[in-house]
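Coordinates from upload_22.cif are shown below (mmCIF, C-alpha atoms).
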data_run
loop_
_atom_site.group_PDB
_atom_site.id
_atom_site.type_symbol
_atom_site.label_atom_id
_atom_site.label_comp_id
_atom_site.auth_asym_id
_atom_site.auth_seq_id
_atom_site.Cartn_x
_atom_site.Cartn_y
_atom_site.Cartn_z
ATOM 1 C CA MET A 193 97.329 112.259 32.137
ATOM 2 C CA LYS A 194 99.990 109.572 31.811
ATOM 3 C CA LYS A 195 102.760 112.170 31.476
ATOM 4 C CA LYS A 196 101.554 113.931 34.585
ATOM 5 C CA VAL A 197 101.488 110.658 36.500
ATOM 6 C CA VAL A 198 105.098 109.951 35.567
ATOM 7 C CA LEU A 199 105.928 113.507 36.634
ATOM 8 C CA LEU A 200 104.257 112.833 39.956
ATOM 9 C CA VAL A 201 106.334 109.717 40.500
ATOM 10 C CA CYS A 202 109.529 111.610 39.736
ATOM 11 C CA LEU A 203 108.533 114.311 42.189
ATOM 12 C CA LEU A 204 107.712 111.726 44.824
ATOM 13 C CA ILE A 205 111.133 110.153 44.537
ATOM 14 C CA SER A 206 112.875 113.520 44.414
ATOM 15 C CA ALA A 207 110.975 114.555 47.512
ATOM 16 C CA GLY A 208 112.038 111.359 49.255
ATOM 17 C CA LEU A 209 115.657 111.968 48.390
ATOM 18 C CA GLY A 210 115.823 115.696 48.942
ATOM 19 C CA GLY A 211 113.504 115.813 51.911
ATOM 20 C CA GLY A 212 112.785 112.534 53.650
ATOM 21 C CA PHE A 213 116.228 110.965 53.398
ATOM 22 C CA CYS A 214 117.866 114.279 54.244
ATOM 23 C CA GLU A 215 115.879 114.441 57.473
ATOM 24 C CA VAL A 216 116.673 110.817 58.309
ATOM 25 C CA SER A 217 120.347 111.520 57.615
ATOM 26 C CA ILE A 218 120.229 114.387 60.098
ATOM 27 C CA ALA A 219 118.698 112.034 62.646
ATOM 28 C CA THR A 220 121.536 109.598 61.999
ATOM 29 C CA LYS A 221 124.127 112.221 62.868
ATOM 30 C CA ALA A 222 122.224 113.189 66.006
ATOM 31 C CA ILE A 223 122.225 109.680 67.471
ATOM 32 C CA ASN A 224 124.924 108.982 70.016
ATOM 33 C CA ARG A 225 127.230 106.300 68.608
ATOM 34 C CA SER A 226 129.231 105.923 71.819
ATOM 35 C CA ASN A 227 127.064 103.061 73.069
ATOM 36 C CA ILE A 228 127.568 100.932 69.974
ATOM 37 C CA LEU A 229 129.611 97.862 70.880
ATOM 38 C CA SER A 230 132.272 96.288 68.721
ATOM 39 C CA ALA A 231 129.897 93.350 68.281
ATOM 40 C CA ASP A 232 127.518 95.767 66.514
ATOM 41 C CA ILE A 233 129.955 96.507 63.697
ATOM 42 C CA PRO A 234 127.879 95.920 60.539
ATOM 43 C CA ASP A 235 128.484 92.976 58.269
ATOM 44 C CA PRO A 236 129.385 93.569 54.625
ATOM 45 C CA ALA A 237 126.418 94.493 52.466
ATOM 46 C CA ALA A 238 124.447 91.549 51.110
ATOM 47 C CA ASP A 239 123.126 91.321 47.567
ATOM 48 C CA LEU A 240 119.456 92.309 47.798
ATOM 49 C CA SER A 241 118.991 93.150 44.121
ATOM 50 C CA SER A 242 116.528 90.277 43.602
ATOM 51 C CA LEU A 243 114.457 91.184 46.668
ATOM 52 C CA VAL A 244 111.434 92.677 44.881
ATOM 53 C CA LEU A 245 107.741 92.157 44.385
ATOM 54 C CA THR A 246 107.084 90.532 41.021
ATOM 55 C CA LEU A 247 104.196 90.798 38.599
ATOM 56 C CA GLN A 248 103.108 87.359 39.818
ATOM 57 C CA ASP A 249 102.571 88.890 43.268
ATOM 58 C CA LEU A 250 100.200 91.531 41.873
ATOM 59 C CA PRO A 251 96.648 91.390 40.516
ATOM 60 C CA PRO A 252 96.219 91.180 36.728
ATOM 61 C CA GLY A 253 96.661 94.354 34.723
ATOM 62 C CA PHE A 254 99.932 95.610 36.165
ATOM 63 C CA THR A 255 102.960 96.057 33.926
ATOM 64 C CA GLU A 256 106.546 97.029 34.602
ATOM 65 C CA MET A 257 107.390 100.695 34.306
ATOM 66 C CA PRO A 258 109.832 101.545 31.481
ATOM 67 C CA SER A 259 113.348 100.231 32.120
ATOM 68 C CA ASP A 260 114.962 103.614 31.435
ATOM 69 C CA TYR A 261 112.802 105.198 34.120
ATOM 70 C CA VAL A 262 113.676 102.457 36.607
ATOM 71 C CA ALA A 263 117.380 102.899 35.790
ATOM 72 C CA SER A 264 117.083 106.641 36.371
ATOM 73 C CA LEU A 265 115.265 106.003 39.627
ATOM 74 C CA ARG A 266 117.949 103.550 40.739
ATOM 75 C CA ASN A 267 120.610 106.139 40.019
ATOM 76 C CA LYS A 268 118.809 108.755 42.121
ATOM 77 C CA LEU A 269 118.373 106.309 44.974
ATOM 78 C CA SER A 270 122.081 105.500 45.008
ATOM 79 C CA GLN A 271 123.298 109.027 45.691
ATOM 80 C CA ARG A 272 123.103 108.896 49.481
ATOM 81 C CA PRO A 273 125.690 106.425 50.789
ATOM 82 C CA GLU A 274 124.015 106.030 54.190
ATOM 83 C CA PHE A 275 120.674 105.099 52.602
ATOM 84 C CA LYS A 276 121.551 103.526 49.278
ATOM 85 C CA ALA A 277 118.794 101.526 47.595
ATOM 86 C CA ALA A 278 119.611 97.820 47.494
ATOM 87 C CA SER A 279 116.638 96.814 45.330
ATOM 88 C CA ILE A 280 113.831 98.571 43.518
ATOM 89 C CA PHE A 281 110.593 97.712 41.757
ATOM 90 C CA ALA A 282 108.081 99.896 39.904
ATOM 91 C CA TYR A 283 104.779 98.819 38.355
ATOM 92 C CA GLN A 284 101.843 100.590 36.784
ATOM 93 C CA LYS A 285 98.223 99.867 35.915
ATOM 94 C CA ILE A 286 96.691 102.414 33.573
ATOM 95 C CA ASP A 287 93.365 101.957 31.797
ATOM 96 C CA SER A 288 91.784 105.227 30.661
ATOM 97 C CA LYS A 289 88.600 103.513 29.474
ATOM 98 C CA LEU A 290 87.935 101.985 32.880
ATOM 99 C CA LEU A 291 89.281 105.041 34.701
ATOM 100 C CA GLU A 292 91.838 102.854 36.464
ATOM 101 C CA LEU A 293 95.215 104.227 37.375
ATOM 102 C CA GLN A 294 97.644 102.943 39.978
ATOM 103 C CA LEU A 295 101.388 103.026 40.403
ATOM 104 C CA LEU A 296 103.253 100.876 42.917
ATOM 105 C CA ILE A 297 106.886 101.630 43.712
ATOM 106 C CA GLY A 298 109.136 100.195 46.380
ATOM 107 C CA PHE A 299 112.773 100.030 47.360
ATOM 108 C CA THR A 300 114.862 98.482 50.111
ATOM 109 C CA PHE A 301 117.892 99.469 52.141
ATOM 110 C CA GLN A 302 120.249 97.256 54.092
ATOM 111 C CA LEU A 303 120.569 98.744 57.565
ATOM 112 C CA SER A 304 123.363 96.682 59.101
ATOM 113 C CA ASP A 305 124.521 99.528 61.327
ATOM 114 C CA PRO A 306 122.371 99.860 64.501
ATOM 115 C CA THR A 307 122.684 103.628 64.157
ATOM 116 C CA LEU A 308 121.036 103.530 60.743
ATOM 117 C CA GLN A 309 118.311 101.249 62.085
ATOM 118 C CA ALA A 310 117.592 103.714 64.887
ATOM 119 C CA ALA A 311 117.539 106.667 62.483
ATOM 120 C CA PHE A 312 115.258 104.827 60.083
ATOM 121 C CA ASP A 313 112.902 103.897 62.933
ATOM 122 C CA GLN A 314 112.801 107.523 64.087
ATOM 123 C CA GLY A 315 111.987 108.647 60.574
ATOM 124 C CA ILE A 316 109.148 106.135 60.445
ATOM 125 C CA GLY A 317 107.601 106.681 63.853
ATOM 126 C CA GLY A 318 107.919 110.444 63.988
ATOM 127 C CA GLY A 319 106.549 111.039 60.515
ATOM 128 C CA ILE A 320 109.769 112.832 59.565
ATOM 129 C CA PHE A 321 110.081 111.078 56.240
ATOM 130 C CA ALA A 322 106.387 111.401 55.310
ATOM 131 C CA LYS A 323 106.215 115.117 56.121
ATOM 132 C CA ALA A 324 109.370 115.913 54.166
ATOM 133 C CA PHE A 325 108.103 113.734 51.337
ATOM 134 C CA THR A 326 104.882 115.752 51.046
ATOM 135 C CA GLN A 327 106.702 119.050 51.431
ATOM 136 C CA GLY A 328 108.848 118.098 48.473
ATOM 137 C CA LEU A 329 105.681 117.584 46.437
ATOM 138 C CA ASN A 330 104.351 120.984 47.375
ATOM 139 C CA ASP A 331 107.533 122.702 46.204
ATOM 140 C CA ASP A 332 105.957 122.408 42.758
ATOM 141 C CA LYS A 333 103.113 124.937 42.474
ATOM 142 C CA GLU A 334 101.188 122.578 40.184
ATOM 143 C CA LEU A 335 101.039 119.960 42.937
ATOM 144 C CA GLN A 336 99.437 120.859 46.241
ATOM 145 C CA PHE A 337 99.092 117.886 48.566
ATOM 146 C CA THR A 338 97.696 117.809 52.078
ATOM 147 C CA PRO A 339 99.976 117.131 55.055
ATOM 148 C CA PRO A 340 100.315 113.366 55.545
ATOM 149 C CA ALA A 341 97.660 111.777 57.717
ATOM 150 C CA THR A 342 98.189 108.553 59.601
ATOM 151 C CA LEU A 343 97.096 105.535 57.586
ATOM 152 C CA THR A 344 96.401 102.338 59.484
ATOM 153 C CA LEU A 345 98.154 99.362 57.944
ATOM 154 C CA GLN A 346 95.653 96.517 58.139
ATOM 155 C CA ASP A 347 98.275 93.815 58.555
ATOM 156 C CA LYS A 348 101.206 93.484 60.917
ATOM 157 C CA ILE A 349 104.143 94.482 58.746
ATOM 158 C CA GLY A 350 107.763 94.417 59.902
ATOM 159 C CA GLU A 351 109.104 95.035 63.400
ATOM 160 C CA VAL A 352 108.498 98.760 63.036
ATOM 161 C CA SER A 353 106.051 100.235 60.564
ATOM 162 C CA ALA A 354 103.861 103.230 59.790
ATOM 163 C CA GLY A 355 101.437 104.219 57.059
ATOM 164 C CA TRP A 356 100.663 107.682 55.725
ATOM 165 C CA ARG A 357 98.268 109.196 53.176
ATOM 166 C CA SER A 358 98.373 112.499 51.370
ATOM 167 C CA GLN A 359 95.767 113.822 48.941
ATOM 168 C CA GLY A 360 96.151 116.319 46.130
ATOM 169 C CA LYS A 361 95.533 117.051 42.489
ATOM 170 C CA VAL A 362 97.499 116.599 39.294
ATOM 171 C CA GLU A 363 96.003 118.681 36.466
ATOM 172 C CA ASN A 364 92.840 118.954 38.603
ATOM 173 C CA ILE A 365 92.635 115.168 38.866
ATOM 174 C CA PRO A 366 92.244 114.215 42.569
ATOM 175 C CA MET A 367 94.777 111.593 43.625
ATOM 176 C CA ASN A 368 95.870 109.745 46.737
ATOM 177 C CA VAL A 369 99.433 108.951 47.684
ATOM 178 C CA ASP A 370 99.779 106.164 50.249
ATOM 179 C CA LEU A 371 103.097 105.432 51.941
ATOM 180 C CA ALA A 372 104.195 102.386 53.915
ATOM 181 C CA LEU A 373 107.539 102.441 55.662
ATOM 182 C CA PHE A 374 108.786 99.489 57.661
ATOM 183 C CA ARG A 375 111.861 97.673 58.873
ATOM 184 C CA ARG A 376 112.381 94.022 59.612
ATOM 185 C CA GLY A 377 115.787 93.089 60.970
ATOM 186 C CA GLN A 378 118.433 94.738 58.831
ATOM 187 C CA ILE A 379 116.168 95.611 55.905
ATOM 188 C CA GLY A 380 114.324 98.908 55.601
ATOM 189 C CA VAL A 381 111.534 99.363 53.071
ATOM 190 C CA VAL A 382 109.769 102.340 51.521
ATOM 191 C CA MET A 383 106.674 101.616 49.437
ATOM 192 C CA THR A 384 104.258 104.043 47.832
ATOM 193 C CA THR A 385 101.164 103.671 45.713
ATOM 194 C CA ILE A 386 99.492 106.455 43.754
ATOM 195 C CA TYR A 387 95.899 106.120 42.556
ATOM 196 C CA LEU A 388 92.783 108.116 41.661
ATOM 197 C CA ASP A 389 90.865 109.523 44.616
ATOM 198 C CA GLY A 390 87.412 108.014 44.971
ATOM 199 C CA THR A 391 88.520 104.671 43.585
ATOM 200 C CA LYS A 392 89.679 101.553 45.380
ATOM 201 C CA PRO A 393 93.258 100.607 44.522
ATOM 202 C CA THR A 394 93.628 97.240 42.838
ATOM 203 C CA ILE A 395 96.057 96.343 45.618
ATOM 204 C CA THR A 396 96.286 98.355 48.817
ATOM 205 C CA ILE A 397 99.560 99.484 50.326
ATOM 206 C CA SER A 398 98.852 97.156 53.285
ATOM 207 C CA GLU A 399 98.397 94.145 51.017
ATOM 208 C CA ALA A 400 101.522 94.956 49.024
ATOM 209 C CA GLY A 401 103.510 95.545 52.208
ATOM 210 C CA ARG A 402 102.383 92.265 53.740
ATOM 211 C CA LYS A 403 103.323 90.316 50.622
ATOM 212 C CA PHE A 404 106.729 91.952 50.475
ATOM 213 C CA ASP A 405 107.360 91.437 54.184
ATOM 214 C CA SER A 406 106.651 87.718 53.742
ATOM 215 C CA ARG A 407 108.973 87.560 50.747
ATOM 216 C CA MET A 408 111.750 89.209 52.751
ATOM 217 C CA MET A 409 111.483 86.643 55.528
ATOM 218 C CA GLU A 410 111.414 83.809 53.010
ATOM 219 C CA LEU A 411 114.372 84.946 50.900
ATOM 220 C CA LYS A 412 116.548 86.622 53.533
ATOM 221 C CA PRO A 413 115.925 84.901 56.881
ATOM 222 C CA ASP A 414 119.394 85.825 58.147
ATOM 223 C CA LEU A 415 118.767 89.532 57.603
ATOM 224 C CA THR A 416 115.214 89.670 58.947
ATOM 225 C CA GLN A 417 115.859 88.419 62.471
ATOM 226 C CA PRO A 418 114.656 90.823 65.216
ATOM 227 C CA GLN A 419 117.282 93.409 66.104
#
Show me, as structure tokens, the structure contained in the file I just sent.
Amino acid sequence: MKKKVVLLVCLLISAGLGGGFCEVSIATKAINRSNILSADIPDPAADLSSLVLTLQDLPPGFTEMPSDYVASLRNKLSQRPEFKAASIFAYQKIDSKLLELQLLIGFTFQLSDPTLQAAFDQGIGGGIFAKAFTQGLNDDKELQFTPPATLTLQDKIGEVSAGWRSQGKVENIPMNVDLALFRRGQIGVVMTTIYLDGTKPTITISEAGRKFDSRMMELKPDLTQPQ
């Protein structure tokens, strides 16, 4: 089951890159840039590499995912210049005896350009990213996930935010995939958690999102001002 879970994560990220980010990139090109003022010229990219959730932020039992996997993930998330991951974190909680399984993955993007902020917001609000994300999953015949349904985020997260849930099976094991996408100021965030259907996740996507949103405001107050 563990191998299939890792496969699922890889497919999720591939779907995000090949589908979700592609659609957001199209939205970027469609936005009229003529109204952008010279004052809106983006600042140089800041170093956000340390902007992550840590194990101390999570309930007991989580461990870091293998470093080689995280490195591979970072490489994949750096291939689109307009939405290049600035930071990434990936944790897992797997206990076969207790039938507990949860993965939590998140990454950030610096969106200094107002055009990118608008495109990211469109991708969030219109469900463009979530739908393309799920479609990417269903390109694999072994993985058939339902279209994303709106998931209410229990806490106020970011300036703009949306939650989505898709359900499917991996080797006939029912699983849920929850997505939280939000932006605060110049920082965009994509977070996903994968866990067994019928079980309560150790930490919900809302709880993880709220903690990360607070960390962003604490560590990067200059980049999280309302835009």
Explicit residue set for the PyMOL selection byres ((chain A and resi 245-262) around 12), as a PDB file with C-alpha atoms, keeping the file's coordinate frame:
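part27.pdb written:
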ATOM      1  CA  LYS A 194      99.990 109.572  31.811  1.00  0.00           C
ATOM      2  CA  VAL A 197     101.488 110.658  36.500  1.00  0.00           C
ATOM      3  CA  VAL A 198     105.098 109.951  35.567  1.00  0.00           C
ATOM      4  CA  LEU A 199     105.928 113.507  36.634  1.00  0.00           C
ATOM      5  CA  VAL A 201     106.334 109.717  40.500  1.00  0.00           C
ATOM      6  CA  CYS A 202     109.529 111.610  39.736  1.00  0.00           C
ATOM      7  CA  ILE A 205     111.133 110.153  44.537  1.00  0.00           C
ATOM      8  CA  SER A 241     118.991  93.150  44.121  1.00  0.00           C
ATOM      9  CA  SER A 242     116.528  90.277  43.602  1.00  0.00           C
ATOM     10  CA  LEU A 243     114.457  91.184  46.668  1.00  0.00           C
ATOM     11  CA  VAL A 244     111.434  92.677  44.881  1.00  0.00           C
ATOM     12  CA  ALA A 263     117.380 102.899  35.790  1.00  0.00           C
ATOM     13  CA  SER A 264     117.083 106.641  36.371  1.00  0.00           C
ATOM     14  CA  LEU A 265     115.265 106.003  39.627  1.00  0.00           C
ATOM     15  CA  ARG A 266     117.949 103.550  40.739  1.00  0.00           C
ATOM     16  CA  ASN A 267     120.610 106.139  40.019  1.00  0.00           C
ATOM     17  CA  LYS A 268     118.809 108.755  42.121  1.00  0.00           C
ATOM     18  CA  LEU A 269     118.373 106.309  44.974  1.00  0.00           C
ATOM     19  CA  SER A 279     116.638  96.814  45.330  1.00  0.00           C
ATOM     20  CA  ILE A 280     113.831  98.571  43.518  1.00  0.00           C
ATOM     21  CA  PHE A 281     110.593  97.712  41.757  1.00  0.00           C
ATOM     22  CA  ALA A 282     108.081  99.896  39.904  1.00  0.00           C
ATOM     23  CA  TYR A 283     104.779  98.819  38.355  1.00  0.00           C
ATOM     24  CA  GLN A 284     101.843 100.590  36.784  1.00  0.00           C
ATOM     25  CA  LYS A 285      98.223  99.867  35.915  1.00  0.00           C
ATOM     26  CA  ILE A 286      96.691 102.414  33.573  1.00  0.00           C
ATOM     27  CA  ASP A 287      93.365 101.957  31.797  1.00  0.00           C
ATOM     28  CA  LEU A 290      87.935 101.985  32.880  1.00  0.00           C
ATOM     29  CA  GLU A 292      91.838 102.854  36.464  1.00  0.00           C
ATOM     30  CA  LEU A 293      95.215 104.227  37.375  1.00  0.00           C
ATOM     31  CA  GLN A 294      97.644 102.943  39.978  1.00  0.00           C
ATOM     32  CA  LEU A 295     101.388 103.026  40.403  1.00  0.00           C
ATOM     33  CA  LEU A 296     103.253 100.876  42.917  1.00  0.00           C
ATOM     34  CA  ILE A 297     106.886 101.630  43.712  1.00  0.00           C
ATOM     35  CA  GLY A 298     109.136 100.195  46.380  1.00  0.00           C
ATOM     36  CA  PHE A 299     112.773 100.030  47.360  1.00  0.00           C
ATOM     37  CA  THR A 300     114.862  98.482  50.111  1.00  0.00           C
ATOM     38  CA  VAL A 381     111.534  99.363  53.071  1.00  0.00           C
ATOM     39  CA  MET A 383     106.674 101.616  49.437  1.00  0.00           C
ATOM     40  CA  PRO A 393      93.258 100.607  44.522  1.00  0.00           C
ATOM     41  CA  THR A 394      93.628  97.240  42.838  1.00  0.00           C
ATOM     42  CA  ILE A 395      96.057  96.343  45.618  1.00  0.00           C
ATOM     43  CA  THR A 396      96.286  98.355  48.817  1.00  0.00           C
ATOM     44  CA  ILE A 397      99.560  99.484  50.326  1.00  0.00           C
ATOM     45  CA  GLU A 399      98.397  94.145  51.017  1.00  0.00           C
ATOM     46  CA  ALA A 400     101.522  94.956  49.024  1.00  0.00           C
ATOM     47  CA  GLY A 401     103.510  95.545  52.208  1.00  0.00           C
ATOM     48  CA  ARG A 402     102.383  92.265  53.740  1.00  0.00           C
ATOM     49  CA  LYS A 403     103.323  90.316  50.622  1.00  0.00           C
ATOM     50  CA  PHE A 404     106.729  91.952  50.475  1.00  0.00           C
ATOM     51  CA  ASP A 405     107.360  91.437  54.184  1.00  0.00           C
ATOM     52  CA  SER A 406     106.651  87.718  53.742  1.00  0.00           C
ATOM     53  CA  ARG A 407     108.973  87.560  50.747  1.00  0.00           C
ATOM     54  CA  MET A 408     111.750  89.209  52.751  1.00  0.00           C
ATOM     55  CA  LEU A 411     114.372  84.946  50.900  1.00  0.00           C
TER      56      LEU A 411
END
Q | Spatial neighbours of Thr338 of chain A, 7 Å, all atoms listed in the file, chain gap at least 2 places, as a PyMOL selection string | A | chain A and resi 336+340+358-360
Q) atom CA of Thr326 of chain A and atom CA of Val369 of chain A are how many Å apart? A)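 Calculated distance between atom CA of Thr326 of chain A and atom CA of Val369 of chain A is 9.3 Å.
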Q. Restricting the calculation to all atoms listed in the file, which member of A:Gly380, A:Gly355, A:Pro339, A:Gly328 is positioned closest to Leu308 of chain A?
A. A:Gly380
Q. For the atom pair atom CA of Leu388 of chain A and atom CA of Gly319 of chain A, what is the interatomic distance in Å to one decimal place?
A.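 Calculated distance between atom CA of Leu388 of chain A and atom CA of Gly319 of chain A is 23.5 Å.
Between atom CA of Gln309 of chain A and atom CA of Phe337 of chain A lies a distance of 28.8 Å.
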Q) Smallest atom-to-atom distance to Ser353 of chain A: which of A:Leu240, A:Ala324, A:Leu415, A:Leu373, using all atoms listed in the file? A) A:Leu373
Q: Expand the PyMOL selection byres ((chain A and resi 389) around 8) into the individual residues it matches in the shown file, reporting them as a VMD selection string.
A: chain A and resid 359 366 to 368 387 to 388 390 to 391
(Q) What would the selection look like, as number ranges by chain, if the PyMOL selection byres ((chain A and resi 316) around 8) were run on the coordinates I just shared? (A) A: 312-315, 317-322, 352-354, 373-374
**Q.** Distance criterion (only C-alpha atoms): nearest to Lys392 of chain A out of A:Leu291, A:Lys412, A:Ile365, A:Trp356
**A.**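 Closest candidate: A:Leu291.
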Q: Point out the residue among A:Asp347, A:Glu363, A:Asp414, A:Asp331 with the least atom-to-atom distance to Gln378 of chain A, counting all atoms listed in the file.
A: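 Ranked by minimum distance to Gln378 of chain A, first place goes to A:Asp414.
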